[in-house]
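start_30.cif, holding mmCIF, C-alpha atoms:
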```
data_protein
#
loop_
_atom_site.label_atom_id
_atom_site.label_comp_id
_atom_site.auth_asym_id
_atom_site.auth_seq_id
_atom_site.Cartn_x
_atom_site.Cartn_y
_atom_site.Cartn_z
CA MET A 1 8.84 -37.74 -24.02
CA ALA A 2 5.54 -35.85 -24.29
CA GLY A 3 5.04 -36.15 -20.53
CA LEU A 4 8.52 -34.78 -19.88
CA ALA A 5 7.91 -31.86 -22.21
CA GLY A 6 4.70 -31.08 -20.34
CA LEU A 7 6.52 -31.05 -17.01
CA VAL A 8 9.19 -28.73 -18.41
CA LEU A 9 6.48 -26.37 -19.69
CA VAL A 10 4.69 -26.30 -16.33
CA GLY A 11 7.97 -25.68 -14.53
CA ALA A 12 8.82 -22.81 -16.86
CA LEU A 13 5.42 -21.20 -16.24
CA LEU A 14 5.87 -21.47 -12.49
CA VAL A 15 9.26 -19.77 -12.70
CA LEU A 16 7.81 -16.95 -14.79
CA GLN A 17 4.95 -16.49 -12.32
CA GLY A 18 7.22 -16.50 -9.29
CA GLY A 19 6.49 -20.03 -8.06
CA PRO A 20 3.32 -21.87 -7.02
CA LYS A 21 0.52 -19.77 -5.56
CA THR A 22 -1.35 -21.26 -2.64
CA VAL A 23 -3.47 -18.38 -1.34
CA ASP A 24 -7.19 -19.05 -1.78
CA VAL A 25 -8.96 -16.26 -3.65
CA ALA A 26 -12.05 -16.89 -1.53
CA SER A 27 -10.21 -16.40 1.77
CA LEU A 28 -10.66 -12.64 1.98
CA GLN A 29 -11.14 -10.81 5.27
CA PRO A 30 -12.84 -7.41 5.67
CA PRO A 31 -10.67 -4.67 7.20
CA ILE A 32 -10.41 -4.62 10.98
CA ALA A 33 -10.34 -0.82 10.85
CA VAL A 34 -12.15 1.26 8.24
CA THR A 35 -10.61 4.59 7.30
CA PRO A 36 -13.10 7.48 7.28
CA VAL A 37 -12.98 8.98 3.80
CA GLU A 38 -14.66 12.35 4.39
CA LEU A 39 -11.28 14.09 4.27
CA ALA A 40 -9.72 11.91 1.57
CA ASP A 41 -8.14 13.41 -1.52
CA GLY A 42 -6.61 10.65 -3.61
CA ARG A 43 -3.76 9.14 -1.62
CA SER A 44 -3.89 11.86 1.04
CA LEU A 45 -6.15 12.09 4.07
CA GLY A 46 -6.80 15.22 6.06
CA LYS A 47 -7.22 18.96 5.61
CA ALA A 48 -4.86 20.57 3.11
CA ASP A 49 -4.02 23.31 5.63
CA ALA A 50 -3.26 20.93 8.52
CA PRO A 51 -0.15 22.18 10.37
CA VAL A 52 1.48 18.72 10.38
CA THR A 53 2.06 16.39 7.44
CA LEU A 54 2.88 12.72 7.89
CA GLU A 55 4.35 11.22 4.72
CA VAL A 56 4.28 7.41 4.73
CA TRP A 57 6.50 5.44 2.35
CA SER A 58 5.31 1.86 2.34
CA ASP A 59 4.87 -1.41 0.44
CA TYR A 60 1.58 -3.32 0.62
CA GLN A 61 3.58 -6.54 1.02
CA CYS A 62 5.53 -5.22 4.01
CA PRO A 63 4.36 -6.83 7.32
CA ALA A 64 5.53 -3.82 9.34
CA CYS A 65 3.51 -1.55 7.05
CA GLN A 66 0.48 -3.72 7.72
CA GLN A 67 1.09 -3.36 11.45
CA PHE A 68 1.23 0.42 11.11
CA ALA A 69 -1.87 0.59 8.90
CA GLU A 70 -4.00 -1.62 11.12
CA LEU A 71 -2.79 -0.90 14.66
CA VAL A 72 -1.32 2.62 14.65
CA GLU A 73 -2.75 4.67 11.80
CA PRO A 74 -6.42 4.41 12.92
CA THR A 75 -5.52 6.07 16.23
CA LEU A 76 -3.61 8.84 14.45
CA ILE A 77 -6.57 9.42 12.14
CA ARG A 78 -9.03 9.58 15.01
CA THR A 79 -6.84 11.73 17.26
CA TYR A 80 -5.14 14.07 14.79
CA VAL A 81 -6.53 13.83 11.24
CA THR A 82 -10.22 14.25 12.06
CA PRO A 83 -9.66 17.35 14.29
CA GLY A 84 -7.54 18.95 11.53
CA THR A 85 -4.04 18.73 13.05
CA LEU A 86 -2.59 16.10 10.71
CA ARG A 87 -2.60 15.29 7.02
CA ILE A 88 -1.37 11.85 5.91
CA ILE A 89 0.11 11.33 2.45
CA ASP A 90 0.89 7.84 1.16
CA HIS A 91 3.88 7.13 -1.10
CA ASP A 92 4.97 3.97 -2.88
CA ALA A 93 8.19 2.24 -1.84
CA ALA A 94 7.67 -0.98 -3.79
CA PHE A 95 10.70 -2.95 -2.63
CA GLN A 96 9.47 -6.44 -1.76
CA GLY A 97 8.49 -7.62 -5.23
CA ALA A 98 11.95 -6.95 -6.60
CA ARG A 99 13.38 -9.63 -4.30
CA VAL A 100 12.17 -12.45 -6.55
CA ALA A 101 12.77 -13.09 -10.23
CA ALA A 102 9.19 -12.96 -11.46
CA SER A 103 7.49 -11.30 -14.39
CA TYR A 104 4.65 -10.21 -12.09
CA ASP A 105 5.83 -7.87 -9.32
CA GLU A 106 3.24 -8.04 -6.54
CA SER A 107 4.45 -4.83 -4.91
CA VAL A 108 4.33 -2.80 -8.12
CA GLU A 109 1.02 -4.27 -9.27
CA THR A 110 -0.59 -3.65 -5.89
CA GLY A 111 0.63 -0.07 -5.78
CA ALA A 112 -0.78 0.43 -9.29
CA ALA A 113 -4.06 -1.16 -8.25
CA ALA A 114 -4.34 1.26 -5.33
CA ARG A 115 -3.66 4.22 -7.62
CA CYS A 116 -6.42 3.01 -9.94
CA ALA A 117 -8.74 2.76 -6.93
CA ALA A 118 -7.91 6.41 -6.23
CA ASP A 119 -9.35 7.25 -9.65
CA GLN A 120 -12.69 6.09 -8.21
CA ASP A 121 -12.19 8.05 -4.96
CA ALA A 122 -11.68 4.71 -3.23
CA TYR A 123 -7.99 4.68 -2.43
CA TRP A 124 -8.45 4.38 1.32
CA PRO A 125 -11.12 1.65 1.31
CA PHE A 126 -8.93 -0.35 -1.07
CA HIS A 127 -5.87 0.40 1.10
CA ASP A 128 -7.73 -1.07 4.09
CA TRP A 129 -8.78 -4.20 2.17
CA LEU A 130 -5.24 -4.77 0.87
CA PHE A 131 -3.63 -4.69 4.30
CA ALA A 132 -6.41 -6.85 5.73
CA ASN A 133 -5.55 -9.51 3.17
CA GLN A 134 -1.77 -9.40 3.12
CA VAL A 135 -0.33 -12.92 3.43
CA GLY A 136 3.46 -12.83 3.56
CA GLU A 137 5.80 -11.51 0.90
CA ASN A 138 5.72 -12.74 -2.70
CA GLU A 139 3.39 -15.60 -1.77
CA GLY A 140 0.61 -14.78 -4.23
CA ALA A 141 -1.62 -12.80 -1.88
CA PHE A 142 -1.74 -10.02 -4.47
CA ARG A 143 -1.72 -12.01 -7.68
CA ASP A 144 -4.07 -10.66 -10.32
CA GLU A 145 -7.19 -12.73 -9.60
CA ARG A 146 -6.93 -12.07 -5.87
CA LEU A 147 -6.48 -8.33 -6.44
CA ARG A 148 -9.66 -8.41 -8.51
CA ALA A 149 -11.49 -10.15 -5.68
CA ILE A 150 -10.20 -7.53 -3.25
CA ALA A 151 -11.36 -4.77 -5.61
CA THR A 152 -14.82 -6.34 -5.63
CA GLY A 153 -14.83 -6.50 -1.84
CA ALA A 154 -13.86 -2.83 -1.66
CA GLY A 155 -16.81 -1.91 -3.89
CA LEU A 156 -14.86 -0.77 -6.96
CA ASP A 157 -16.11 -0.66 -10.53
CA VAL A 158 -13.84 -3.54 -11.50
CA VAL A 159 -14.23 -3.02 -15.26
CA ALA A 160 -13.00 0.58 -15.04
CA TRP A 161 -10.31 -0.44 -12.54
CA ASP A 162 -9.07 -3.21 -14.85
CA ALA A 163 -8.90 -0.75 -17.74
CA CYS A 164 -6.83 1.64 -15.63
CA ARG A 165 -4.36 -1.09 -14.68
CA ALA A 166 -4.09 -2.34 -18.27
CA THR A 167 -2.51 0.90 -19.51
CA GLY A 168 0.67 0.29 -17.51
CA GLU A 169 0.83 3.97 -16.59
CA GLN A 170 0.22 3.41 -12.90
CA GLN A 171 2.81 0.65 -12.69
CA ALA A 172 5.31 3.08 -14.20
CA ALA A 173 4.26 5.70 -11.65
CA VAL A 174 4.83 3.26 -8.78
CA ARG A 175 8.32 2.44 -10.04
CA ALA A 176 9.13 6.13 -10.54
CA GLU A 177 7.99 7.08 -7.04
CA THR A 178 9.93 4.17 -5.57
CA GLN A 179 13.08 5.42 -7.28
CA GLN A 180 12.33 8.92 -6.03
CA GLY A 181 12.26 7.53 -2.51
CA VAL A 182 15.54 5.67 -3.03
CA ALA A 183 17.10 8.93 -4.24
CA GLN A 184 15.99 10.50 -0.95
CA GLY A 185 17.75 7.75 1.00
CA ILE A 186 14.71 5.59 1.74
CA ASN A 187 15.71 1.92 1.90
CA ALA A 188 13.26 0.42 4.41
CA THR A 189 9.51 0.32 4.89
CA PRO A 190 7.74 1.93 6.48
CA THR A 191 9.71 5.15 6.44
CA MET A 192 7.81 8.23 7.56
CA PHE A 193 8.40 11.95 7.70
CA ILE A 194 6.64 14.22 10.18
CA ASN A 195 7.08 17.74 8.81
CA GLY A 196 10.37 16.51 7.36
CA GLN A 197 11.58 14.58 10.41
CA ALA A 198 12.41 11.01 9.39
CA ILE A 199 11.12 8.01 11.34
CA VAL A 200 12.10 4.53 10.19
CA GLY A 201 10.05 1.51 11.22
CA VAL A 202 6.85 1.16 13.20
CA LYS A 203 6.43 3.36 16.26
CA SER A 204 3.55 3.36 18.70
CA ALA A 205 0.64 5.73 18.30
CA GLN A 206 1.69 7.34 21.57
CA GLU A 207 5.24 7.97 20.35
CA LEU A 208 4.12 9.31 16.98
CA GLY A 209 1.48 11.37 18.73
CA GLY A 210 4.14 13.11 20.78
CA LEU A 211 6.08 13.95 17.64
CA ILE A 212 2.95 15.21 15.89
CA GLU A 213 2.03 17.45 18.82
CA ALA A 214 5.57 18.83 18.97
CA ALA A 215 5.50 19.52 15.23
CA ALA A 216 2.12 21.23 15.55
CA ALA A 217 3.40 23.41 18.38
CA ALA A 218 6.47 24.34 16.35
CA ALA A 219 4.35 25.16 13.32
CA GLY A 220 2.19 27.48 15.42
CA SER A 221 5.05 29.33 17.06
#
```
Once you've parsed the file, please lay out its structure as structure tokens.
Amino acid sequence: MAGLAGLVLVGALLVLQGGPKTVDVASLQPPIAVTPVELADGRSLGKADAPVTLEVWSDYQCPACQQFAELVEPTLIRTYVTPGTLRIIDHDAAFQGARVAASYDESVETGAAARCAADQDAYWPFHDWLFANQVGENEGAFRDERLRAIATGAGLDVVAWDACRATGEQQAAVRAETQQGVAQGINATPTMFINGQAIVGVKSAQELGGLIEAAAAAAGS
């Protein structure tokens, strides 16, 4: 009877935590592309007076968002952000975590963790480390102990970062911004806006570059 009770307790804990977690905390990878932070301002990157704004609504658990962050965004930063044409602003669209019945929402917690990194002027380094270590959706890649390891890898003051997350304020902010996006009709990630023009899904750097250059020309006319 005692053995059965123990199994029931373990099963209940697994349900509450969203199932068994198999991702090794030690299996972290450094980012394949490092975002230059000279023009960073919190969750934005680029000059405030840039003629073109690219708003990116994404979820750190979204594989397509990872593809954009690692394979497309670095080219946009190099070609348009650094020269002053483009400003990128990140927004939370924390959808993936809501797909499972778990007390710990990996999408919300990761968005909150990134906001707390921004308090240390380290949003973009942490952003790069998160996408470099994404492993599927709701598979434990961003469970608490792994997020802490990622924060260490990104060079954060983990004590201050933990204290920021513990307030719950940033989790609430992630949920509020996600609902703001839903109210604007956003239901997929990534969704982007180039000076208000909506683009859903991942596009090539060449395609987005054409849209950015057209928007810059229109802004200057």
Hey, could you make a per-residue contact list for segment 25-50 of chain A against segment 111-133 of chain A with 10 Å as the cut-off, showing the nearest pair of atoms and its distance in Å to one decimal, counting all atoms listed in the file, sorted by chain and number, as CSV?
```
residue,atom,partner,partner_atom,distance
A:Ser27,CA,A:Asn133,CA,8.4
A:Leu28,CA,A:Asn133,CA,6.1
A:Gln29,CA,A:Asn133,CA,6.1
A:Pro30,CA,A:Trp129,CA,6.2
A:Pro31,CA,A:Ala132,CA,5.0
A:Ile32,CA,A:Ala132,CA,7.0
A:Ala33,CA,A:Asp128,CA,7.3
A:Val34,CA,A:Asp128,CA,6.5
A:Thr35,CA,A:Trp124,CA,6.4
A:Pro36,CA,A:Trp124,CA,8.2
A:Val37,CA,A:Trp124,CA,6.9
A:Ala40,CA,A:Trp124,CA,7.6
A:Asp41,CA,A:Asp121,CA,7.5
A:Gly42,CA,A:Ala118,CA,5.2
A:Arg43,CA,A:Tyr123,CA,6.2
A:Ser44,CA,A:Trp124,CA,8.8
A:Leu45,CA,A:Trp124,CA,8.5
```
- Task: Considering only C-alpha atoms, return as a ChimeraX atom specification whatever protein or nucleic-acid residues lie within 12 Å of Gln206 of chain A, sequence-local ones (same chain, fewer than 3 positions apart) excluded.
- Result: /A:71-73,75-76,79-80,202-203,209-213
- Have a look at atom CA of Gly46 of chain A and atom CA of Phe142 of chain A and let me know their distance in Å, one decimal.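 Separation between atom CA of Gly46 of chain A and atom CA of Phe142 of chain A: 27.8 Å.
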- Item | Glu137 of chain A surroundings by all atoms listed in the file, 8 Å radius, close-in-sequence under 5 positions cut, as JSON, numbers by chain | {"A": [61, 62, 96, 97]}
- Please, what distance in Å, to one decimal, runs between atom CA of Val200 of chain A and atom CA of Ala154 of chain A?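 These atoms are spaced 29.5 Å apart.
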- Query: In Å, how far is it from atom CA of Gln184 of chain A to atom CA of Ser103 of chain A?
  - Reply: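 Computed distance, atom CA of Gln184 of chain A to atom CA of Ser103 of chain A, equals 27.0 Å.
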Skipping near chain neighbours, those fewer than 3 positions away, what residues fall within 9 Å of Asp162 of chain A using only C-alpha atoms, listed as a compact mmCIF listing (two decimals) with C-alpha atoms, keeping the file's coordinate frame?
```
# COMPACT_ATOMS: atom_id res chain seq x y z
CA ALA A 113 -4.06 -1.16 -8.25
CA CYS A 116 -6.42 3.01 -9.94
CA ARG A 148 -9.66 -8.41 -8.51
CA ASP A 157 -16.11 -0.66 -10.53
CA VAL A 158 -13.84 -3.54 -11.50
CA VAL A 159 -14.23 -3.02 -15.26
CA ARG A 165 -4.36 -1.09 -14.68
CA ALA A 166 -4.09 -2.34 -18.27
```
- Please evaluate the PyMOL selection byres ((chain A and resi 106) around 12) against the structure above and give the resulting residues as a PyMOL selection string. chain A and resi 17-18+59-62+94-105+107-113+130+134-147+171+174
- Task: Return the single residue from A:Gly84, A:Pro74, A:Gly153, A:Pro51 that is closest to Ile194 of chain A, with distances computed using only C-alpha atoms.
- Result: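 Among A:Gly84, A:Pro74, A:Gly153, A:Pro51, it is A:Pro51 that comes nearest to Ile194 of chain A.
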- Item | Answer key for the PyMOL selection byres ((chain A and resi 191) around 8), residues as an MDAnalysis selection string | chainID A and resid 56:58 186 188:190 192:193 198:201
Selection above as a file: C-alpha atoms, as an mmCIF file, in the frame of the given file:
```cif
data_model
loop_
_atom_site.group_PDB
_atom_site.id
_atom_site.type_symbol
_atom_site.label_atom_id
_atom_site.label_comp_id
_atom_site.auth_asym_id
_atom_site.auth_seq_id
_atom_site.Cartn_x
_atom_site.Cartn_y
_atom_site.Cartn_z
ATOM 1 C CA VAL A 56 4.280 7.410 4.730
ATOM 2 C CA TRP A 57 6.500 5.440 2.350
ATOM 3 C CA SER A 58 5.310 1.860 2.340
ATOM 4 C CA ILE A 186 14.710 5.590 1.740
ATOM 5 C CA ALA A 188 13.260 0.420 4.410
ATOM 6 C CA THR A 189 9.510 0.320 4.890
ATOM 7 C CA PRO A 190 7.740 1.930 6.480
ATOM 8 C CA MET A 192 7.810 8.230 7.560
ATOM 9 C CA PHE A 193 8.400 11.950 7.700
ATOM 10 C CA ALA A 198 12.410 11.010 9.390
ATOM 11 C CA ILE A 199 11.120 8.010 11.340
ATOM 12 C CA VAL A 200 12.100 4.530 10.190
ATOM 13 C CA GLY A 201 10.050 1.510 11.220
#
```
Would you fill the gaps in segment 170-186 of chain A so it has N, CA and C atoms, then print it as an mmCIF file, in the coordinates of the input?
```
data_model
loop_
_atom_site.group_PDB
_atom_site.id
_atom_site.type_symbol
_atom_site.label_atom_id
_atom_site.label_comp_id
_atom_site.auth_asym_id
_atom_site.auth_seq_id
_atom_site.Cartn_x
_atom_site.Cartn_y
_atom_site.Cartn_z
ATOM 1 N N GLN A 170 0.109 3.366 -14.352
ATOM 2 C CA GLN A 170 0.220 3.410 -12.900
ATOM 3 C C GLN A 170 1.365 2.545 -12.387
ATOM 4 N N GLN A 171 1.639 1.445 -13.060
ATOM 5 C CA GLN A 171 2.810 0.650 -12.690
ATOM 6 C C GLN A 171 4.086 1.470 -12.871
ATOM 7 N N ALA A 172 4.153 2.215 -13.963
ATOM 8 C CA ALA A 172 5.310 3.080 -14.200
ATOM 9 C C ALA A 172 5.417 4.154 -13.124
ATOM 10 N N ALA A 173 4.264 4.674 -12.698
ATOM 11 C CA ALA A 173 4.260 5.700 -11.650
ATOM 12 C C ALA A 173 4.747 5.145 -10.322
ATOM 13 N N VAL A 174 4.363 3.902 -10.014
ATOM 14 C CA VAL A 174 4.830 3.260 -8.780
ATOM 15 C C VAL A 174 6.352 3.105 -8.815
ATOM 16 N N ARG A 175 6.869 2.622 -9.928
ATOM 17 C CA ARG A 175 8.320 2.440 -10.040
ATOM 18 C C ARG A 175 9.052 3.782 -9.947
ATOM 19 N N ALA A 176 8.491 4.809 -10.577
ATOM 20 C CA ALA A 176 9.130 6.130 -10.540
ATOM 21 C C ALA A 176 9.140 6.697 -9.131
ATOM 22 N N GLU A 177 8.030 6.555 -8.404
ATOM 23 C CA GLU A 177 7.990 7.080 -7.040
ATOM 24 C C GLU A 177 8.914 6.292 -6.126
ATOM 25 N N THR A 178 9.005 4.987 -6.360
ATOM 26 C CA THR A 178 9.930 4.170 -5.570
ATOM 27 C C THR A 178 11.364 4.652 -5.775
ATOM 28 N N GLN A 179 11.733 4.928 -7.003
ATOM 29 C CA GLN A 179 13.080 5.420 -7.280
ATOM 30 C C GLN A 179 13.291 6.811 -6.689
ATOM 31 N N GLN A 180 12.239 7.607 -6.679
ATOM 32 C CA GLN A 180 12.330 8.920 -6.030
ATOM 33 C C GLN A 180 12.645 8.757 -4.551
ATOM 34 N N GLY A 181 11.984 7.789 -3.916
ATOM 35 C CA GLY A 181 12.260 7.530 -2.510
ATOM 36 C C GLY A 181 13.676 7.056 -2.283
ATOM 37 N N VAL A 182 14.158 6.164 -3.138
ATOM 38 C CA VAL A 182 15.540 5.670 -3.030
ATOM 39 C C VAL A 182 16.508 6.845 -3.141
ATOM 40 N N ALA A 183 16.236 7.761 -4.060
ATOM 41 C CA ALA A 183 17.100 8.930 -4.240
ATOM 42 C C ALA A 183 17.125 9.817 -3.002
ATOM 43 N N GLN A 184 16.054 9.737 -2.197
ATOM 44 C CA GLN A 184 15.990 10.500 -0.950
ATOM 45 C C GLN A 184 16.593 9.738 0.233
ATOM 46 N N GLY A 185 17.115 8.539 -0.047
ATOM 47 C CA GLY A 185 17.750 7.750 1.000
ATOM 48 C C GLY A 185 16.841 6.745 1.671
ATOM 49 N N ILE A 186 15.642 6.543 1.145
ATOM 50 C CA ILE A 186 14.710 5.590 1.740
ATOM 51 C C ILE A 186 15.082 4.180 1.291
#
```
